[in-house]
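*Asks:* Data file input_34.json (JSON, C-alpha atoms) is appended below.
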```json
[["chain", "number", "residue", "atom", "x", "y", "z"],
["A", 17, "MET", "CA", -63.06, 53.52, -84.85],
["A", 18, "GLU", "CA", -64.42, 54.68, -88.19],
["A", 19, "HIS", "CA", -64.37, 58.32, -87.07],
["A", 20, "LEU", "CA", -60.89, 58.15, -85.52],
["A", 21, "ASP", "CA", -59.20, 59.08, -88.81],
["A", 22, "VAL", "CA", -61.42, 62.14, -89.21],
["A", 23, "TRP", "CA", -60.81, 63.25, -85.61],
["A", 24, "LEU", "CA", -57.04, 62.83, -85.97],
["A", 25, "LYS", "CA", -57.02, 64.95, -89.14],
["A", 26, "PHE", "CA", -59.14, 67.57, -87.41],
["A", 27, "LEU", "CA", -56.86, 67.70, -84.33],
["A", 28, "LEU", "CA", -53.74, 67.82, -86.51],
["A", 29, "GLY", "CA", -55.20, 70.75, -88.46],
["A", 30, "ALA", "CA", -56.13, 72.53, -85.23],
["A", 31, "GLY", "CA", -52.61, 71.98, -83.89],
["A", 32, "VAL", "CA", -51.07, 73.48, -87.02],
["A", 33, "ILE", "CA", -53.33, 76.52, -86.59],
["A", 34, "VAL", "CA", -52.22, 76.98, -82.96],
["A", 35, "ILE", "CA", -48.53, 76.84, -83.91],
["A", 36, "ALA", "CA", -49.02, 79.11, -86.93],
["A", 37, "GLY", "CA", -51.04, 81.56, -84.81],
["A", 38, "THR", "CA", -48.15, 82.01, -82.40],
["A", 39, "GLY", "CA", -45.80, 82.75, -85.30],
["A", 40, "LEU", "CA", -48.31, 85.13, -86.90],
["A", 41, "THR", "CA", -48.64, 87.07, -83.64],
["A", 42, "ARG", "CA", -44.87, 87.50, -83.32],
["A", 43, "SER", "CA", -44.60, 88.56, -86.95],
["A", 44, "ALA", "CA", -47.46, 91.06, -86.62],
["A", 45, "ASP", "CA", -45.80, 92.56, -83.54],
["A", 46, "ARG", "CA", -42.51, 92.96, -85.41],
["A", 47, "LEU", "CA", -44.27, 94.47, -88.42],
["A", 48, "SER", "CA", -46.20, 96.91, -86.23],
["A", 49, "HIS", "CA", -42.90, 98.16, -84.77],
["A", 50, "ALA", "CA", -41.10, 98.23, -88.12],
["A", 51, "LEU", "CA", -43.92, 100.10, -89.87],
["A", 52, "GLY", "CA", -44.75, 102.38, -86.95],
["A", 53, "TRP", "CA", -48.28, 101.00, -86.63],
["A", 54, "GLY", "CA", -50.06, 100.60, -83.32],
["A", 55, "HIS", "CA", -50.79, 97.14, -81.98],
["A", 56, "ALA", "CA", -54.57, 97.45, -82.37],
["A", 57, "PHE", "CA", -54.21, 98.52, -85.99],
["A", 58, "ALA", "CA", -51.72, 95.74, -86.78],
["A", 59, "GLY", "CA", -54.05, 93.24, -85.13],
["A", 60, "PHE", "CA", -57.02, 94.62, -87.03],
["A", 61, "VAL", "CA", -55.32, 94.49, -90.41],
["A", 62, "ILE", "CA", -52.51, 91.92, -90.38],
["A", 63, "LEU", "CA", -53.85, 89.38, -87.90],
["A", 64, "GLY", "CA", -57.45, 90.00, -88.92],
["A", 65, "TRP", "CA", -56.71, 89.17, -92.54],
["A", 66, "ALA", "CA", -54.45, 86.23, -91.76],
["A", 67, "THR", "CA", -56.78, 84.60, -89.27],
["A", 68, "SER", "CA", -59.79, 85.10, -91.54],
["A", 69, "LEU", "CA", -58.18, 83.15, -94.38],
["A", 70, "PRO", "CA", -59.16, 79.76, -92.91],
["A", 71, "GLU", "CA", -62.75, 80.99, -92.46],
["A", 72, "VAL", "CA", -62.90, 82.21, -96.04],
["A", 73, "THR", "CA", -61.45, 78.91, -97.30],
["A", 74, "ILE", "CA", -63.86, 76.85, -95.20],
["A", 75, "SER", "CA", -66.91, 78.94, -96.11],
["A", 76, "VAL", "CA", -66.15, 78.94, -99.84],
["A", 77, "SER", "CA", -65.40, 75.21, -99.74],
["A", 78, "ALA", "CA", -68.66, 74.55, -97.87],
["A", 79, "VAL", "CA", -70.66, 76.35, -100.54],
["A", 80, "LEU", "CA", -68.80, 75.22, -103.66],
["A", 81, "LYS", "CA", -67.72, 71.67, -102.81],
["A", 82, "GLU", "CA", -70.34, 70.57, -100.29],
["A", 83, "GLN", "CA", -73.20, 72.76, -101.61],
["A", 84, "SER", "CA", -73.96, 73.66, -98.00],
["A", 85, "ALA", "CA", -74.76, 77.29, -97.29],
["A", 86, "GLY", "CA", -75.68, 76.11, -93.76],
["A", 87, "LEU", "CA", -72.10, 74.99, -93.07],
["A", 88, "SER", "CA", -70.81, 78.29, -94.40],
["A", 89, "SER", "CA", -73.13, 80.53, -92.41],
["A", 90, "GLY", "CA", -72.72, 78.32, -89.33],
["A", 91, "ASN", "CA", -68.94, 78.67, -89.63],
["A", 92, "ILE", "CA", -69.12, 82.45, -89.80],
["A", 93, "SER", "CA", -71.74, 82.80, -87.03],
["A", 94, "GLY", "CA", -69.90, 80.34, -84.78],
["A", 95, "SER", "CA", -66.65, 82.19, -85.33],
["A", 96, "ILE", "CA", -68.23, 85.52, -84.40],
["A", 97, "ILE", "CA", -69.69, 84.09, -81.19],
["A", 98, "PHE", "CA", -66.44, 82.34, -80.29],
["A", 99, "ASN", "CA", -64.43, 85.53, -80.97],
["A", 100, "LEU", "CA", -66.75, 87.48, -78.67],
["A", 101, "ALA", "CA", -66.13, 84.87, -75.96],
["A", 102, "ILE", "CA", -62.38, 85.25, -76.51],
["A", 103, "LEU", "CA", -62.70, 89.04, -76.12],
["A", 104, "ALA", "CA", -64.63, 88.60, -72.87],
["A", 105, "ILE", "CA", -62.02, 86.21, -71.46],
["A", 106, "LEU", "CA", -59.12, 88.43, -72.52],
["A", 107, "ASP", "CA", -60.86, 91.43, -70.99],
["A", 108, "LEU", "CA", -61.09, 89.61, -67.66],
["A", 109, "ILE", "CA", -57.41, 88.62, -67.87],
["A", 110, "ALA", "CA", -56.39, 92.19, -68.75],
["A", 111, "LEU", "CA", -58.32, 93.59, -65.78],
["A", 112, "ARG", "CA", -56.57, 91.22, -63.38],
["A", 113, "ARG", "CA", -53.11, 92.03, -64.71],
["A", 114, "GLY", "CA", -53.66, 95.78, -64.82],
["A", 115, "VAL", "CA", -52.56, 96.16, -68.44],
["A", 116, "ARG", "CA", -55.52, 98.27, -69.45],
["A", 117, "SER", "CA", -54.87, 101.91, -70.18],
["A", 118, "THR", "CA", -56.42, 104.69, -72.24],
["A", 119, "SER", "CA", -53.60, 104.53, -74.79],
["A", 120, "ASN", "CA", -54.32, 100.84, -75.40],
["A", 121, "SER", "CA", -58.05, 101.38, -75.88],
["A", 122, "THR", "CA", -58.12, 104.52, -78.04],
["A", 123, "GLY", "CA", -57.90, 102.74, -81.40],
["A", 124, "LEU", "CA", -60.18, 99.99, -80.18],
["A", 125, "ALA", "CA", -63.16, 102.34, -79.84],
["A", 126, "THR", "CA", -63.45, 102.51, -83.63],
["A", 127, "LEU", "CA", -63.29, 98.75, -83.85],
["A", 128, "ALA", "CA", -66.08, 98.47, -81.28],
["A", 129, "VAL", "CA", -68.34, 100.72, -83.36],
["A", 130, "PHE", "CA", -67.48, 98.69, -86.47],
["A", 131, "ASN", "CA", -68.36, 95.46, -84.65],
["A", 132, "LEU", "CA", -71.67, 96.89, -83.41],
["A", 133, "LEU", "CA", -72.64, 97.86, -86.95],
["A", 134, "LEU", "CA", -71.74, 94.38, -88.18],
["A", 135, "LEU", "CA", -73.81, 92.88, -85.38],
["A", 136, "SER", "CA", -76.74, 95.06, -86.45],
["A", 137, "LEU", "CA", -76.44, 93.76, -90.01],
["A", 138, "ALA", "CA", -76.21, 90.17, -88.76],
["A", 139, "LEU", "CA", -79.34, 90.64, -86.65],
["A", 140, "GLY", "CA", -81.13, 92.16, -89.65],
["A", 141, "GLN", "CA", -80.21, 89.13, -91.70],
["A", 142, "ALA", "CA", -81.30, 86.74, -88.96],
["A", 143, "PHE", "CA", -84.73, 88.30, -88.43],
["A", 144, "TYR", "CA", -85.57, 89.52, -91.94],
["A", 145, "ARG", "CA", -85.33, 86.70, -94.44],
["A", 146, "ASP", "CA", -84.87, 88.82, -97.59],
["A", 147, "PHE", "CA", -82.46, 91.28, -95.94],
["A", 148, "ASN", "CA", -79.54, 90.56, -98.26],
["A", 149, "ARG", "CA", -81.29, 89.20, -101.32],
["A", 150, "GLY", "CA", -82.33, 90.74, -104.58],
["A", 151, "GLU", "CA", -81.76, 94.43, -105.12],
["A", 152, "THR", "CA", -80.35, 95.16, -101.64],
["A", 153, "ALA", "CA", -77.51, 92.60, -101.76],
["A", 154, "PRO", "CA", -75.01, 94.74, -103.76],
["A", 155, "PHE", "CA", -75.64, 97.74, -101.52],
["A", 156, "ILE", "CA", -75.05, 95.75, -98.33],
["A", 157, "GLY", "CA", -71.79, 94.39, -99.79],
["A", 158, "ILE", "CA", -70.62, 97.86, -100.81],
["A", 159, "PHE", "CA", -71.66, 99.23, -97.40],
["A", 160, "LEU", "CA", -69.69, 96.53, -95.56],
["A", 161, "VAL", "CA", -66.53, 97.11, -97.61],
["A", 162, "THR", "CA", -66.84, 100.89, -97.16],
["A", 163, "LEU", "CA", -67.45, 100.44, -93.43],
["A", 164, "TYR", "CA", -64.42, 98.17, -93.13],
["A", 165, "LEU", "CA", -62.16, 100.65, -94.96],
["A", 166, "ALA", "CA", -63.47, 103.57, -92.88],
["A", 167, "ALA", "CA", -62.92, 101.65, -89.62],
["A", 168, "THR", "CA", -59.41, 100.70, -90.73],
["A", 169, "LEU", "CA", -58.47, 104.27, -91.63],
["A", 170, "THR", "CA", -60.03, 105.73, -88.49],
["A", 171, "SER", "CA", -58.35, 103.16, -86.25],
["A", 172, "TRP", "CA", -54.98, 103.91, -87.85],
["A", 173, "GLN", "CA", -55.45, 107.68, -87.44],
["A", 174, "MET", "CA", -56.54, 107.36, -83.81],
["A", 175, "GLU", "CA", -53.53, 105.22, -82.91],
["A", 176, "ARG", "CA", -51.17, 107.63, -84.67],
["A", 177, "GLN", "CA", -52.65, 110.53, -82.68],
["A", 178, "GLN", "CA", -52.31, 108.58, -79.42],
["A", 179, "ASP", "CA", -48.70, 107.68, -80.23],
["A", 180, "LYS", "CA", -47.92, 111.38, -80.73],
["A", 181, "LYS", "CA", -49.49, 112.21, -77.35],
["A", 182, "ASP", "CA", -47.53, 109.43, -75.64],
["A", 183, "ALA", "CA", -44.22, 110.55, -77.17]]
```
I'd like the structure from this file rewritten - as structure tokens, please.
*Replies:*
Amino acid sequence: MEHLDVWLKFLLGAGVIVIAGTGLTRSADRLSHALGWGHAFAGFVILGWATSLPEVTISVSAVLKEQSAGLSSGNISGSIIFNLAILAILDLIALRRGVRSTSNSTGLATLAVFNLLLLSLALGQAFYRDFNRGETAPFIGIFLVTLYLAATLTSWQMERQQDKKDA
């Protein structure tokens, strides 16, 4: 019974996230149409930022309030693994429904390359203890931000080109 209160708070928070996620998806779809963005780009930017806010909050809170880098890195690693599982499940659903097409996947190729590079950095960090410490840390941070901006710009350009071909 002593953990019931904690579980109820957790489930309530998760429920709020599910409801908010549905609203965020609708809003991102409307914004993508209003701004002339493709769905992959809107998902990458709008939904990516919005859905990462809880992770940022949790990770910063874990480090600053709980002094637990393990909770923070576990949160990020767990999220990456869970997101990959979501992609695999959605891919299976998309194949069954026949919604896959070249126009839907053009902008996603850039995102795939971006994700592979991030995976490479994560593996480097996992297997080489001093990978992001000392003198290399600022360069890895700058590289990640530059990589993110390049992937965002490239994804946007690819979707714009595909939209012109489809029109």
*Asks:* Have a look at A:Glu18, A:Glu175, A:Asp45, A:Asp107 and name the one nearest to Leu63 in chain A; count only C-alpha atoms.
*Replies:*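 Smallest separation from Leu63 in chain A among the options: A:Asp45.
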*Asks:* Let me make sure I understand: among A:Ala44, A:Ile97, A:Leu169, A:Leu87, which one has the smallest atom-to-atom distance to Trp65 in chain A if we use only C-alpha atoms?
*Replies:*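 Among A:Ala44, A:Ile97, A:Leu169, A:Leu87, it is A:Ala44 that comes nearest to Trp65 in chain A.
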*Asks:* So, with all atoms listed in the file as the atoms that count, which of A:Thr38, A:Lys180, A:Ile102, A:Val22 lies closest to Gly52 in chain A?
*Replies:*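 Result for the nearest residue to Gly52 in chain A: A:Lys180.
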*Asks:* As a count of residues only, please: the residues near range 88-96 of chain A (cut-off 7 Å, all atoms listed in the file, same-chain neighbours under 3 positions excluded).
*Replies:* 7
*Asks:* Record the distance separating CA of Val61 in chain A and CA of Thr41 in chain A, expressed in Å with one decimal.
*Replies:*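 Answer for the CA of Val61 in chain A to CA of Thr41 in chain A separation: 12.1 Å.
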*Asks:* Would you pick out the contacts of Phe130 in chain A at 8 Å or less, using all atoms listed in the file, so that residues sharing its chain but fewer than 5 positions from it are not included, and give the list as a ChimeraX atom specification?
*Replies:* /A:163-164,167
*Asks:* Can I get the selected residues back with C-alpha atoms, as a PDB file, in the coordinates of the input?
*Replies:*
```
ATOM      1  CA  LEU A 163     -67.450 100.440 -93.430  1.00  0.00           C
ATOM      2  CA  TYR A 164     -64.420  98.170 -93.130  1.00  0.00           C
ATOM      3  CA  ALA A 167     -62.920 101.650 -89.620  1.00  0.00           C
TER       4      ALA A 167
END
```
*Asks:* Can you work out which one of A:Val76, A:Gly157, A:Phe60, A:Ala66 has the shortest atom-to-atom distance to Asn131 in chain A, counting only C-alpha atoms?
*Replies:*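 Using only C-alpha atoms, Asn131 in chain A sits closest to A:Phe60.
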*Asks:* How many Å lie between CA of Val32 in chain A and CA of His49 in chain A, rounded to one decimal?
*Replies:*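 CA of His49 in chain A lies at a distance of 26.1 Å from CA of Val32 in chain A.
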*Asks:* One decimal, in Å: what's the spacing between CA of Ile62 in chain A and CA of Leu47 in chain A?
*Replies:* 8.8 Å
*Asks:* Taking only C-alpha atoms into account, which of A:Trp172, A:Thr67, A:Ser77, A:Phe57 comes nearest Gly39 in chain A?
*Replies:* A:Thr67
*Asks:* Go through A:Phe98, A:Gly59, A:Leu80, A:Phe26 one by one, measure the shortest atom-to-atom distance of each to Arg46 in chain A using only C-alpha atoms, and give the residue with the smallest value.
*Replies:*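 Once distances to Arg46 in chain A are computed over only C-alpha atoms, the minimum belongs to A:Gly59.
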